[in-house]
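> Contents of work-v2.txt (compact mmCIF, C-alpha atoms and all ligand atoms):
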```txt
# COMPACT_ATOMS: atom_id res chain seq x y z
CA MET A 87 -15.91 19.95 -11.57
CA ASN A 88 -12.83 18.46 -13.31
CA GLU A 89 -13.23 17.72 -16.99
CA TYR A 90 -10.96 14.67 -16.66
CA ALA A 91 -11.28 11.41 -14.78
CA SER A 92 -8.35 9.22 -13.63
CA VAL A 93 -9.30 5.74 -14.75
CA VAL A 94 -7.69 2.45 -13.69
CA ARG A 95 -6.62 0.64 -16.86
CA GLY A 96 -4.69 -2.29 -15.34
CA VAL A 97 -3.32 -3.70 -12.11
CA GLY A 98 -0.30 -5.93 -11.42
CA GLY A 99 1.46 -7.40 -8.42
CA TYR A 100 4.70 -9.18 -7.67
CA LEU A 101 5.85 -11.14 -4.63
CA PRO A 102 9.44 -12.39 -4.30
CA GLU A 103 9.87 -16.15 -4.53
CA LYS A 104 11.22 -16.80 -1.04
CA VAL A 105 8.55 -17.48 1.59
CA LEU A 106 9.08 -17.15 5.34
CA THR A 107 6.48 -18.96 7.45
CA ASN A 108 5.55 -18.39 11.07
CA ASP A 109 7.27 -21.67 11.93
CA ASP A 110 10.45 -20.39 10.24
CA LEU A 111 10.25 -17.29 12.46
CA ALA A 112 9.69 -19.41 15.57
CA ARG A 113 13.14 -20.87 14.92
CA MET A 114 14.64 -17.35 14.80
CA VAL A 115 12.96 -15.49 17.71
CA ASP A 116 10.85 -16.34 20.78
CA THR A 117 7.48 -16.61 19.05
CA THR A 118 4.94 -19.17 17.85
CA ASP A 119 2.66 -19.70 14.87
CA GLU A 120 -0.26 -19.57 17.34
CA TRP A 121 0.69 -16.12 18.68
CA ILE A 122 1.29 -14.60 15.24
CA THR A 123 -1.90 -16.09 13.79
CA ALA A 124 -4.10 -15.09 16.74
CA ARG A 125 -2.72 -11.53 17.08
CA THR A 126 -2.30 -10.66 13.40
CA GLY A 127 -3.80 -13.29 11.05
CA ILE A 128 -0.43 -13.54 9.26
CA LYS A 129 0.70 -17.06 8.26
CA LYS A 130 3.57 -16.26 5.89
CA ARG A 131 5.33 -13.43 4.08
CA HIS A 132 7.64 -13.11 1.06
CA ILE A 133 11.25 -11.97 1.32
CA ALA A 134 13.33 -10.42 -1.48
CA ALA A 135 16.36 -12.42 -2.60
CA ASP A 136 19.89 -11.14 -2.01
CA GLY A 137 20.51 -8.49 -4.64
CA GLU A 138 16.79 -8.07 -5.40
CA ALA A 139 16.03 -4.38 -4.88
CA THR A 140 12.77 -2.48 -4.41
CA SER A 141 13.06 -1.24 -8.02
CA ASP A 142 13.28 -4.86 -9.27
CA LEU A 143 10.02 -5.74 -7.51
CA ALA A 144 8.43 -2.52 -8.78
CA ALA A 145 9.53 -3.12 -12.37
CA ILE A 146 8.01 -6.62 -12.47
CA ALA A 147 4.71 -5.43 -10.94
CA SER A 148 4.69 -2.54 -13.43
CA LYS A 149 5.19 -4.85 -16.43
CA ARG A 150 2.25 -6.94 -15.24
CA ALA A 151 0.08 -3.83 -14.81
CA LEU A 152 1.06 -2.58 -18.30
CA LYS A 153 0.20 -5.98 -19.77
CA ALA A 154 -3.18 -6.05 -17.99
CA ALA A 155 -3.85 -2.50 -19.26
CA GLY A 156 -2.79 -3.30 -22.82
CA VAL A 157 -0.52 -0.26 -22.64
CA LYS A 158 3.09 0.02 -23.83
CA ALA A 159 5.81 1.28 -21.47
CA ASP A 160 6.33 4.19 -23.87
CA ASP A 161 2.74 5.33 -23.31
CA ILE A 162 3.57 6.16 -19.67
CA ASP A 163 4.53 9.77 -18.93
CA LEU A 164 4.37 9.76 -15.12
CA ILE A 165 5.83 7.26 -12.64
CA ILE A 166 5.22 7.58 -8.92
CA VAL A 167 6.75 5.03 -6.57
CA ALA A 168 5.46 4.96 -3.01
CA THR A 169 8.20 3.46 -0.88
CA ALA A 170 9.92 3.80 2.48
CA THR A 171 12.64 1.37 1.42
CA PRO A 172 14.21 3.00 -1.67
CA ASP A 173 17.13 1.37 -3.49
CA HIS A 174 19.30 4.36 -2.54
CA THR A 175 18.97 7.59 -0.58
CA PHE A 176 18.84 9.08 -4.06
CA PRO A 177 18.03 9.02 -6.94
CA ALA A 178 14.35 8.30 -6.52
CA THR A 179 13.49 4.63 -7.01
CA ALA A 180 10.94 5.82 -9.58
CA THR A 181 13.72 6.97 -11.91
CA ILE A 182 15.43 3.57 -11.56
CA VAL A 183 12.12 1.87 -12.42
CA GLN A 184 11.69 4.28 -15.34
CA ASN A 185 15.09 3.20 -16.69
CA LYS A 186 14.36 -0.51 -16.11
CA LEU A 187 11.16 -0.11 -18.14
CA GLY A 188 13.06 1.68 -20.92
CA ILE A 189 11.03 4.88 -20.53
CA THR A 190 12.88 8.10 -21.37
CA ARG A 191 10.08 10.67 -21.35
CA GLY A 192 7.83 12.21 -18.73
CA ALA A 193 8.58 12.48 -15.01
CA ALA A 194 9.32 10.02 -12.23
CA PHE A 195 9.56 10.58 -8.49
CA ASP A 196 8.98 8.88 -5.13
CA VAL A 197 6.35 9.54 -2.49
CA GLN A 198 7.23 8.85 1.15
CA ALA A 199 4.24 8.27 3.41
CA VAL A 200 5.30 4.80 4.60
CA CYS A 201 2.31 2.39 4.70
CA SER A 202 -0.05 5.12 3.45
CA GLY A 203 2.23 5.81 0.50
CA PHE A 204 0.08 4.19 -2.15
CA VAL A 205 -2.99 6.24 -1.19
CA TYR A 206 -0.83 9.40 -1.24
CA ALA A 207 0.59 8.36 -4.64
CA ILE A 208 -2.90 7.81 -6.09
CA ALA A 209 -3.92 11.24 -4.81
CA THR A 210 -0.84 12.82 -6.39
CA ALA A 211 -1.29 11.10 -9.75
CA ASP A 212 -5.01 11.90 -9.78
CA ASN A 213 -4.27 15.60 -9.30
CA PHE A 214 -1.70 15.68 -12.10
CA LEU A 215 -4.03 13.82 -14.46
CA ALA A 216 -7.03 15.94 -13.53
CA ARG A 217 -5.05 19.10 -14.38
CA GLY A 218 -4.18 17.62 -17.75
CA GLN A 219 -0.44 17.72 -17.02
CA PHE A 220 0.16 14.04 -17.71
CA GLU A 221 -1.75 11.42 -19.62
CA ARG A 222 -0.92 8.01 -18.25
CA ALA A 223 0.63 7.21 -14.86
CA LEU A 224 2.20 4.15 -13.34
CA VAL A 225 1.37 4.34 -9.65
CA ILE A 226 3.47 1.85 -7.72
CA GLY A 227 3.79 0.70 -4.13
CA ALA A 228 7.01 -1.26 -3.61
CA GLU A 229 8.88 -2.26 -0.48
CA THR A 230 11.69 -4.42 0.86
CA PHE A 231 10.92 -4.01 4.57
CA SER A 232 12.95 -7.17 5.28
CA ARG A 233 16.01 -4.90 4.89
CA ILE A 234 15.02 -2.51 7.71
CA LEU A 235 13.70 -5.04 10.23
CA ASP A 236 15.49 -5.83 13.45
CA TRP A 237 15.43 -9.61 13.10
CA SER A 238 15.98 -10.01 16.85
CA ASP A 239 12.84 -7.96 17.73
CA ARG A 240 9.91 -10.38 17.81
CA SER A 241 7.38 -7.57 18.21
CA THR A 242 8.10 -6.24 14.69
CA CYS A 243 9.99 -8.80 12.60
CA VAL A 244 7.00 -11.17 12.40
CA LEU A 245 4.73 -8.52 10.88
CA PHE A 246 6.26 -7.40 7.61
CA GLY A 247 7.06 -8.76 4.16
CA ASP A 248 8.33 -7.63 0.75
CA GLY A 249 6.42 -7.05 -2.49
CA ALA A 250 5.19 -4.60 -5.08
CA GLY A 251 1.92 -3.63 -6.73
CA ALA A 252 1.23 -1.23 -9.57
CA ILE A 253 -1.67 0.31 -11.41
CA VAL A 254 -1.92 2.15 -14.70
CA LEU A 255 -4.01 5.26 -14.19
CA GLU A 256 -5.17 7.03 -17.35
CA ARG A 257 -6.58 10.49 -17.97
CA GLN A 258 -9.89 10.26 -19.79
CA ASP A 259 -12.50 12.84 -20.68
CA LYS A 260 -15.35 12.48 -18.22
CA LYS A 261 -17.74 11.88 -21.10
CA VAL A 262 -15.65 8.85 -22.14
CA ALA A 263 -14.95 7.63 -18.60
CA GLY A 264 -18.61 7.67 -17.55
CA GLU A 265 -18.81 6.68 -13.88
CA ARG A 266 -15.27 5.24 -13.83
CA GLY A 267 -12.31 6.87 -12.11
CA VAL A 268 -11.04 8.18 -8.78
CA LYS A 269 -14.15 9.59 -7.07
CA SER A 270 -12.66 11.02 -3.88
CA VAL A 271 -9.48 11.08 -1.83
CA HIS A 272 -9.00 11.89 1.84
CA LEU A 273 -5.44 12.38 3.17
CA ARG A 274 -4.28 13.13 6.72
CA SER A 275 -1.12 13.22 8.77
CA ASP A 276 -0.20 14.18 12.32
CA GLY A 277 3.50 14.38 13.20
CA ARG A 278 2.81 14.39 16.94
CA TYR A 279 2.70 10.60 16.58
CA LYS A 280 6.05 10.25 14.80
CA ASP A 281 7.60 8.21 17.64
CA LEU A 282 4.96 5.45 17.47
CA LEU A 283 6.34 4.05 14.21
CA TYR A 284 9.67 5.09 12.78
CA VAL A 285 13.11 3.95 11.59
CA ASP A 286 15.96 4.78 13.97
CA GLY A 287 18.40 5.81 11.25
CA GLY A 288 18.71 8.11 8.29
CA PRO A 289 21.18 10.09 6.17
CA SER A 290 20.99 13.38 8.09
CA THR A 291 20.79 11.92 11.61
CA THR A 292 22.81 8.74 12.02
CA GLN A 293 24.19 8.27 8.51
CA THR A 294 22.89 4.70 8.75
CA VAL A 295 19.83 2.97 7.31
CA GLY A 296 18.44 2.06 10.75
CA HIS A 297 15.74 -0.36 11.89
CA LEU A 298 11.98 -0.16 12.18
CA ARG A 299 10.62 0.58 15.66
CA MET A 300 6.94 0.48 16.58
CA VAL A 301 4.71 0.85 19.63
CA GLY A 302 2.32 -1.67 18.11
CA ASN A 303 -0.61 -1.51 20.49
CA GLN A 304 -0.83 2.30 20.26
CA VAL A 305 -0.61 2.25 16.46
CA PHE A 306 -3.39 -0.36 16.54
CA LYS A 307 -5.75 1.98 18.44
CA HIS A 308 -5.02 4.92 16.16
CA ALA A 309 -5.46 2.67 13.12
CA VAL A 310 -9.03 1.64 13.92
CA SER A 311 -10.31 5.12 14.77
CA LYS A 312 -8.40 7.13 12.15
CA ILE A 313 -9.11 4.73 9.26
CA SER A 314 -12.80 4.68 10.13
CA GLU A 315 -12.96 8.50 10.17
CA SER A 316 -11.06 8.76 6.90
CA VAL A 317 -13.26 6.22 5.13
CA LYS A 318 -16.38 8.08 6.26
CA ALA A 319 -14.90 11.35 4.93
CA ALA A 320 -13.99 9.85 1.53
CA VAL A 321 -17.41 8.23 1.13
CA GLU A 322 -19.22 11.43 2.11
CA GLN A 323 -17.05 13.51 -0.24
CA ALA A 324 -18.00 11.20 -3.11
CA GLY A 325 -21.69 11.63 -2.28
CA CYS A 326 -22.34 7.97 -1.59
CA THR A 327 -22.75 5.65 1.39
CA ILE A 328 -20.75 2.76 2.82
CA ASP A 329 -23.39 0.39 1.39
CA ASP A 330 -22.54 1.59 -2.13
CA VAL A 331 -18.97 0.25 -1.77
CA ASP A 332 -18.54 -3.08 -3.58
CA TRP A 333 -15.05 -3.89 -2.30
CA PHE A 334 -13.01 -2.65 0.58
CA VAL A 335 -9.27 -3.05 -0.16
CA PRO A 336 -7.50 -2.00 3.03
CA HIS A 337 -3.86 -1.75 4.04
CA GLN A 338 -2.98 -5.25 5.18
CA ALA A 339 -1.41 -4.65 8.59
CA ASN A 340 -3.41 -6.94 10.84
CA GLN A 341 -6.59 -9.00 10.36
CA ARG A 342 -7.88 -7.71 13.70
CA ILE A 343 -7.64 -4.11 12.40
CA LEU A 344 -9.50 -5.06 9.21
CA SER A 345 -12.27 -6.73 11.22
CA ALA A 346 -12.51 -3.92 13.79
CA VAL A 347 -12.78 -1.24 11.05
CA ALA A 348 -15.39 -3.29 9.17
CA GLU A 349 -17.42 -3.65 12.35
CA LYS A 350 -17.10 0.06 13.23
CA LEU A 351 -18.28 1.05 9.74
CA GLY A 352 -21.04 -1.57 9.59
CA LEU A 353 -19.36 -3.10 6.56
CA ASP A 354 -20.06 -6.66 5.44
CA GLU A 355 -16.78 -8.58 6.02
CA ALA A 356 -17.43 -10.56 2.84
CA LYS A 357 -16.63 -7.32 0.96
CA VAL A 358 -13.21 -6.96 2.61
CA VAL A 359 -10.26 -8.17 0.53
CA SER A 360 -7.69 -9.68 2.88
CA THR A 361 -4.22 -10.87 1.91
CA VAL A 362 -2.82 -10.51 5.43
CA ALA A 363 -2.42 -14.28 5.86
CA GLU A 364 -0.34 -14.74 2.70
CA HIS A 365 1.54 -11.42 2.36
CA GLY A 366 1.93 -9.99 5.87
CA ASN A 367 2.29 -6.22 5.99
CA THR A 368 4.07 -5.03 2.83
CA SER A 369 3.67 -1.33 3.70
CA ALA A 370 3.01 0.80 0.58
CA ALA A 371 2.75 -2.34 -1.56
CA SER A 372 -0.06 -3.90 0.43
CA VAL A 373 -3.06 -2.10 -1.12
CA PRO A 374 -2.06 -2.53 -4.80
CA LEU A 375 -1.01 -6.14 -4.11
CA ALA A 376 -4.40 -6.89 -2.54
CA LEU A 377 -6.18 -5.10 -5.40
CA ALA A 378 -4.18 -7.10 -7.96
CA ALA A 379 -5.10 -10.35 -6.16
CA ALA A 380 -8.81 -9.47 -6.16
CA VAL A 381 -8.78 -8.39 -9.82
CA ASP A 382 -6.86 -11.52 -10.86
CA ASP A 383 -9.26 -13.91 -9.09
CA GLY A 384 -12.28 -12.13 -10.59
CA ARG A 385 -13.73 -10.62 -7.42
CA VAL A 386 -13.16 -7.00 -8.43
CA LYS A 387 -14.72 -6.32 -11.84
CA PRO A 388 -14.98 -3.27 -14.08
CA GLY A 389 -17.65 -0.95 -12.71
CA ASP A 390 -17.12 -1.95 -9.08
CA LEU A 391 -16.75 0.78 -6.47
CA VAL A 392 -13.55 0.08 -4.52
CA LEU A 393 -12.46 1.75 -1.34
CA ILE A 394 -8.75 1.76 -0.47
CA GLU A 395 -7.31 2.94 2.84
CA ALA A 396 -4.08 2.88 4.83
CA ILE A 397 -2.30 4.16 7.93
CA GLY A 398 1.41 4.28 8.60
CA GLY A 399 4.41 6.04 10.09
CA GLY A 400 4.12 9.76 10.63
CA LEU A 401 1.38 9.08 11.44
CA THR A 402 -0.04 9.35 7.95
CA TRP A 403 -3.38 7.96 6.87
CA GLY A 404 -5.96 8.26 4.14
CA SER A 405 -8.47 6.63 1.86
CA ALA A 406 -9.73 6.83 -1.69
CA LEU A 407 -12.84 5.73 -3.51
CA ILE A 408 -12.31 4.44 -7.06
CA ARG A 409 -14.84 3.19 -9.61
CA ILE A 410 -12.77 0.50 -11.41
O1 LIG B 501 1.51 -0.76 8.82
C1 LIG B 501 1.54 0.30 9.71
C2 LIG B 501 0.53 0.15 10.70
N1 LIG B 501 0.89 -0.90 11.64
C3 LIG B 501 -0.05 -1.49 12.30
O2 LIG B 501 -1.19 -1.20 12.06
C4 LIG B 501 0.32 -2.46 13.38
C5 LIG B 501 -0.59 -2.23 14.53
N2 LIG B 501 -0.35 -3.07 15.69
C6 LIG B 501 -0.58 -4.40 15.72
O3 LIG B 501 -0.90 -5.00 14.71
C7 LIG B 501 -0.51 -5.10 17.05
O4 LIG B 501 -0.38 -4.14 18.07
C8 LIG B 501 0.64 -6.12 17.17
C9 LIG B 501 0.38 -7.32 16.31
C10 LIG B 501 1.96 -5.45 16.75
C11 LIG B 501 0.79 -6.60 18.61
O5 LIG B 501 -0.45 -7.13 19.09
P1 LIG B 501 -1.03 -6.66 20.50
O6 LIG B 501 -2.23 -7.45 20.73
O7 LIG B 501 -1.19 -5.16 20.42
O8 LIG B 501 0.10 -7.07 21.52
P2 LIG B 501 1.01 -6.18 22.50
O9 LIG B 501 1.97 -5.33 21.70
O10 LIG B 501 0.15 -5.49 23.47
O11 LIG B 501 1.86 -7.32 23.21
C12 LIG B 501 1.25 -8.37 23.95
C13 LIG B 501 2.31 -9.35 24.42
C14 LIG B 501 3.55 -8.70 25.04
O12 LIG B 501 3.92 -9.49 26.16
P3 LIG B 501 3.54 -9.01 27.66
O13 LIG B 501 4.19 -7.69 27.84
O14 LIG B 501 2.04 -8.95 27.69
O15 LIG B 501 4.11 -10.11 28.49
C15 LIG B 501 4.61 -8.87 23.99
O16 LIG B 501 5.91 -8.96 24.54
O17 LIG B 501 2.79 -10.14 23.32
C16 LIG B 501 4.22 -10.18 23.35
N3 LIG B 501 4.72 -10.32 22.00
C17 LIG B 501 4.92 -11.53 21.42
N4 LIG B 501 4.77 -12.79 21.85
C18 LIG B 501 5.04 -13.80 21.02
C19 LIG B 501 5.01 -9.35 21.10
N5 LIG B 501 5.41 -9.90 19.94
C20 LIG B 501 5.36 -11.25 20.11
C21 LIG B 501 5.63 -12.34 19.27
N6 LIG B 501 5.47 -13.59 19.75
N7 LIG B 501 6.04 -12.18 17.98
```
Kindly transcribe the structure held in the file into structure tokens.
Ligand code: UT7

Amino acid sequence: MNEYASVVRGVGGYLPEKVLTNDDLARMVDTTDEWITARTGIKKRHIAADGEATSDLAAIASKRALKAAGVKADDIDLIIVATATPDHTFPATATIVQNKLGITRGAAFDVQAVCSGFVYAIATADNFLARGQFERALVIGAETFSRILDWSDRSTCVLFGDGAGAIVLERQDKKVAGERGVKSVHLRSDGRYKDLLYVDGGPSTTQTVGHLRMVGNQVFKHAVSKISESVKAAVEQAGCTIDDVDWFVPHQANQRILSAVAEKLGLDEAKVVSTVAEHGNTSAASVPLALAAAVDDGRVKPGDLVLIEAIGGGLTWGSALIRI
């Protein structure tokens, strides 16, 4: 039994100003608002401005999370950025965010698990905090997927958007934390499925950035079964049941996946936080953005048991149960 708990102190999100609607996309590729809405639930997505980098989005979301937590930037000694769209091949986007926040102590690094990145980053931060190695972490999911989309491929370019979400996770003695904190984490990956969702470029292969490629319908099938299994594992590990979960904050890839998983798990859809319609799929940013939205509008309250989950390229997938 760990003597520390990793407690969520504050959450923040940021979406770039520019909005791209389904009708806008219908003027760019052979698609319609009807098709996108029926197949995905997405109505619009946000797109980073020229010159607006992943670290810029991450820094704004972080400042909002710090403000919500009532914590100064200087109080942070660990920064983890989950991203598949870093500013540069290196240094890590986390170090750029660290500098933008004026933080000069502690450690900062990136986690690369594509759409599952935020769940992996939470798991990583939780382990560091539980071992007492760091005190207060900024865990960030930030993406500019608009930069790696093939804007002539209608099967992918309609799905994704840009954004960032951040949480301040704090080490607390279990006696102080009470029931709050990260209760369980379940992580998985299986590289046999790497060709279902990938980017066809990279520094050591093509020396280019490349574009996102996806066999959507196969990823869809894996998503429903693998997320359901992972959620069951995380809930079981925490010693509770699906009915104990107050809010389900899933990766926002497709409304049909959210509904299918809810049905498979016997979960009341009223407990599912969905931002698919407004944000599209923002990869590693989607879970913290959805959590920030639900905290800001008062749905998720202190003491609530929140389940987060995601699946993405690799394939990677996972889930975590957090008492807010
Ligand atoms: O975040 C990482 C995880 N990612 C996901 O979870 C995404 C998972 N996959 C999905 O969300 C869905 O598979 C999609 C939304 C990508 C596609 O929906 P689908 O129901 O699986 O459609 P499909 O790929 O089987 O394609 C059906 C048809 C095809 O036409 P034919 O071959 O039946 O004539 C496509 O060419 O829809 C066509 N199509 C489109 N039509 C209009 C594909 N994209 C579009 C489009 N507009 N944008």
> Report as a VMD selection string all protein, DNA and RNA residues lying within 9 Å of Gly156 of chain A, evaluated on all atoms listed in the file, omitting residues in the same chain fewer than 5 positions from it.
chain A and resid 95 to 96 151
> Produce as a list in words the set of residues near ligand LIG 501 (chain B), where near means within 7 Å with all atoms listed in the file considered.
Asp116, Thr117, Thr118, Trp121, Ile122, Arg125, Thr126, Cys201, Arg240, Ser241, Thr242, Val244, Gly302, Asn303, Gln304, Val305, Phe306, Ala309, Ala339, Asn340, Asn367, Ser369, Ile397, Gly398 and Gly399 of chain A
> Those same residues - C-alpha atoms - I'd like them written as a compact mmCIF listing (two decimals), keeping the file's coordinate frame.

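The new file again-v3.txt reads:
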```txt
# COMPACT_ATOMS: atom_id res chain seq x y z
CA ASP A 116 10.85 -16.34 20.78
CA THR A 117 7.48 -16.61 19.05
CA THR A 118 4.94 -19.17 17.85
CA TRP A 121 0.69 -16.12 18.68
CA ILE A 122 1.29 -14.60 15.24
CA ARG A 125 -2.72 -11.53 17.08
CA THR A 126 -2.30 -10.66 13.40
CA CYS A 201 2.31 2.39 4.70
CA ARG A 240 9.91 -10.38 17.81
CA SER A 241 7.38 -7.57 18.21
CA THR A 242 8.10 -6.24 14.69
CA VAL A 244 7.00 -11.17 12.40
CA GLY A 302 2.32 -1.67 18.11
CA ASN A 303 -0.61 -1.51 20.49
CA GLN A 304 -0.83 2.30 20.26
CA VAL A 305 -0.61 2.25 16.46
CA PHE A 306 -3.39 -0.36 16.54
CA ALA A 309 -5.46 2.67 13.12
CA ALA A 339 -1.41 -4.65 8.59
CA ASN A 340 -3.41 -6.94 10.84
CA ASN A 367 2.29 -6.22 5.99
CA SER A 369 3.67 -1.33 3.70
CA ILE A 397 -2.30 4.16 7.93
CA GLY A 398 1.41 4.28 8.60
CA GLY A 399 4.41 6.04 10.09
```
> If you count all atoms listed in the file, which residues fall within 6 Å of Pro102 of chain A, apart from same-chain ones fewer than 4 positions away, as number ranges by chain?
A: 132-134
> Need the shell around segment 157-172 of chain A: protein/DNA/RNA residues with any atom at most 7 Å away, counting all atoms listed in the file. Skip same-chain ones fewer than 4 positions apart. Format as a PyMOL selection string?
chain A and resi 140+152-153+179-180+187+189+191-198+200+203-204+207+220-231+370
> Could the residues in this selection be written to a file with C-alpha atoms, as a short mmCIF file (atom, residue, chain, number, x, y, z; two decimals), keeping the file's coordinate frame?

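Output below, filename part-v4.cif:
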```cif
data_model
loop_
_atom_site.label_atom_id
_atom_site.label_comp_id
_atom_site.auth_asym_id
_atom_site.auth_seq_id
_atom_site.Cartn_x
_atom_site.Cartn_y
_atom_site.Cartn_z
CA THR A 140 12.77 -2.48 -4.41
CA LEU A 152 1.06 -2.58 -18.30
CA LYS A 153 0.20 -5.98 -19.77
CA THR A 179 13.49 4.63 -7.01
CA ALA A 180 10.94 5.82 -9.58
CA LEU A 187 11.16 -0.11 -18.14
CA ILE A 189 11.03 4.88 -20.53
CA ARG A 191 10.08 10.67 -21.35
CA GLY A 192 7.83 12.21 -18.73
CA ALA A 193 8.58 12.48 -15.01
CA ALA A 194 9.32 10.02 -12.23
CA PHE A 195 9.56 10.58 -8.49
CA ASP A 196 8.98 8.88 -5.13
CA VAL A 197 6.35 9.54 -2.49
CA GLN A 198 7.23 8.85 1.15
CA VAL A 200 5.30 4.80 4.60
CA GLY A 203 2.23 5.81 0.50
CA PHE A 204 0.08 4.19 -2.15
CA ALA A 207 0.59 8.36 -4.64
CA PHE A 220 0.16 14.04 -17.71
CA GLU A 221 -1.75 11.42 -19.62
CA ARG A 222 -0.92 8.01 -18.25
CA ALA A 223 0.63 7.21 -14.86
CA LEU A 224 2.20 4.15 -13.34
CA VAL A 225 1.37 4.34 -9.65
CA ILE A 226 3.47 1.85 -7.72
CA GLY A 227 3.79 0.70 -4.13
CA ALA A 228 7.01 -1.26 -3.61
CA GLU A 229 8.88 -2.26 -0.48
CA THR A 230 11.69 -4.42 0.86
CA PHE A 231 10.92 -4.01 4.57
CA ALA A 370 3.01 0.80 0.58
#
```
> Find the residues near Ile410 of chain A: any atom within 6 Å, counting all atoms listed in the file, skip ones fewer than 5 places away on the same chain, and give them as a list in words.
Val94, Arg266, Pro388, Gly389 and Asp390 of chain A
> Near Gln338 of chain A, counting only C-alpha atoms, which residues have an atom at most 9 Å away, once you skip same-chain residues fewer than 4 positions from it, shown as a CSV table (one decimal) with C-alpha atoms, in the frame of the given file?

```
chain,number,residue,atom,x,y,z
A,343,ILE,CA,-7.6,-4.1,12.4
A,344,LEU,CA,-9.5,-5.1,9.2
A,360,SER,CA,-7.7,-9.7,2.9
A,361,THR,CA,-4.2,-10.9,1.9
A,362,VAL,CA,-2.8,-10.5,5.4
A,365,HIS,CA,1.5,-11.4,2.4
A,366,GLY,CA,1.9,-10.0,5.9
A,367,ASN,CA,2.3,-6.2,6.0
A,368,THR,CA,4.1,-5.0,2.8
A,369,SER,CA,3.7,-1.3,3.7
A,372,SER,CA,-0.1,-3.9,0.4
A,373,VAL,CA,-3.1,-2.1,-1.1
A,376,ALA,CA,-4.4,-6.9,-2.5
A,396,ALA,CA,-4.1,2.9,4.8
```
> From the options A:Ala135, A:Val331, A:Ala199, A:Ala144, which residue's atoms come nearest to Asp354 of chain A, counting all atoms listed in the file?
A:Val331
> At a cut-off of 8 Å around the point (-17.8, 5.1, 9.5) (file coordinates), what residues fall inside when counting all atoms listed in the file? I'd like the answer as a ChimeraX atom specification.
/A:314-315,317-318,328,350-352
> Enter the distance from atom CA of His308 of chain A to atom CA of Ser275 of chain A, in Å, rounded to one decimal.
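It comes out at 11.8 Å.
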> For a test of reading the model, state the distance in Å between atom CA of Gly218 of chain A and atom CA of Lys269 of chain A, rounded to one decimal.
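Atom-to-atom, atom CA of Gly218 of chain A to atom CA of Lys269 of chain A, that is 16.7 Å.
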> Using all atoms listed in the file, which of A:Gly137, A:His174, A:Met114, A:Ala145 sits nearest Pro289 of chain A?
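Going through A:Gly137, A:His174, A:Met114, A:Ala145 one by one, the smallest distance to Pro289 of chain A is for A:His174.
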> Interatomic distance between atom CA of Leu391 of chain A and atom CA of Ala147 of chain A?
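Pair atom CA of Leu391 of chain A / atom CA of Ala147 of chain A returns 22.8 Å.
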> For Ser92 of chain A, which residue out of A:His337, A:His297, A:Arg150, A:Arg257 is the nearest one, using all atoms listed in the file?
A:Arg257
> Which of these, A:Leu401, A:Leu393, A:Thr123, A:Thr327, has the shortest distance to Asp281 of chain A once you count all atoms listed in the file?
A:Leu401
> Missing atoms in segment 226-237 of chain A: fill them in up to N, CA and C atoms and send the result as a short mmCIF file (atom, residue, chain, number, x, y, z; two decimals), in the coordinates of the input.

```
data_model
loop_
_atom_site.label_atom_id
_atom_site.label_comp_id
_atom_site.auth_asym_id
_atom_site.auth_seq_id
_atom_site.Cartn_x
_atom_site.Cartn_y
_atom_site.Cartn_z
N ILE A 226 2.86 3.08 -8.24
CA ILE A 226 3.47 1.85 -7.72
C ILE A 226 3.66 1.94 -6.21
N GLY A 227 3.39 0.84 -5.53
CA GLY A 227 3.79 0.70 -4.13
C GLY A 227 4.77 -0.44 -4.08
N ALA A 228 5.98 -0.20 -3.59
CA ALA A 228 7.01 -1.26 -3.61
C ALA A 228 7.88 -1.15 -2.37
N GLU A 229 8.11 -2.29 -1.74
CA GLU A 229 8.88 -2.26 -0.48
C GLU A 229 9.73 -3.51 -0.30
N THR A 230 10.87 -3.30 0.35
CA THR A 230 11.69 -4.42 0.86
C THR A 230 11.91 -4.16 2.36
N PHE A 231 10.82 -4.27 3.12
CA PHE A 231 10.92 -4.01 4.57
C PHE A 231 11.83 -5.01 5.27
N SER A 232 12.05 -6.18 4.64
CA SER A 232 12.95 -7.17 5.28
C SER A 232 14.32 -6.56 5.54
N ARG A 233 14.67 -5.51 4.77
CA ARG A 233 16.01 -4.90 4.89
C ARG A 233 16.11 -3.92 6.05
N ILE A 234 14.96 -3.49 6.60
CA ILE A 234 15.02 -2.51 7.71
C ILE A 234 14.44 -3.09 9.01
N LEU A 235 14.22 -4.42 9.00
CA LEU A 235 13.70 -5.04 10.23
C LEU A 235 14.85 -5.41 11.15
N ASP A 236 14.57 -5.32 12.44
CA ASP A 236 15.49 -5.83 13.45
C ASP A 236 15.07 -7.28 13.66
N TRP A 237 15.83 -8.20 13.09
CA TRP A 237 15.43 -9.61 13.10
C TRP A 237 15.57 -10.27 14.47
#
```
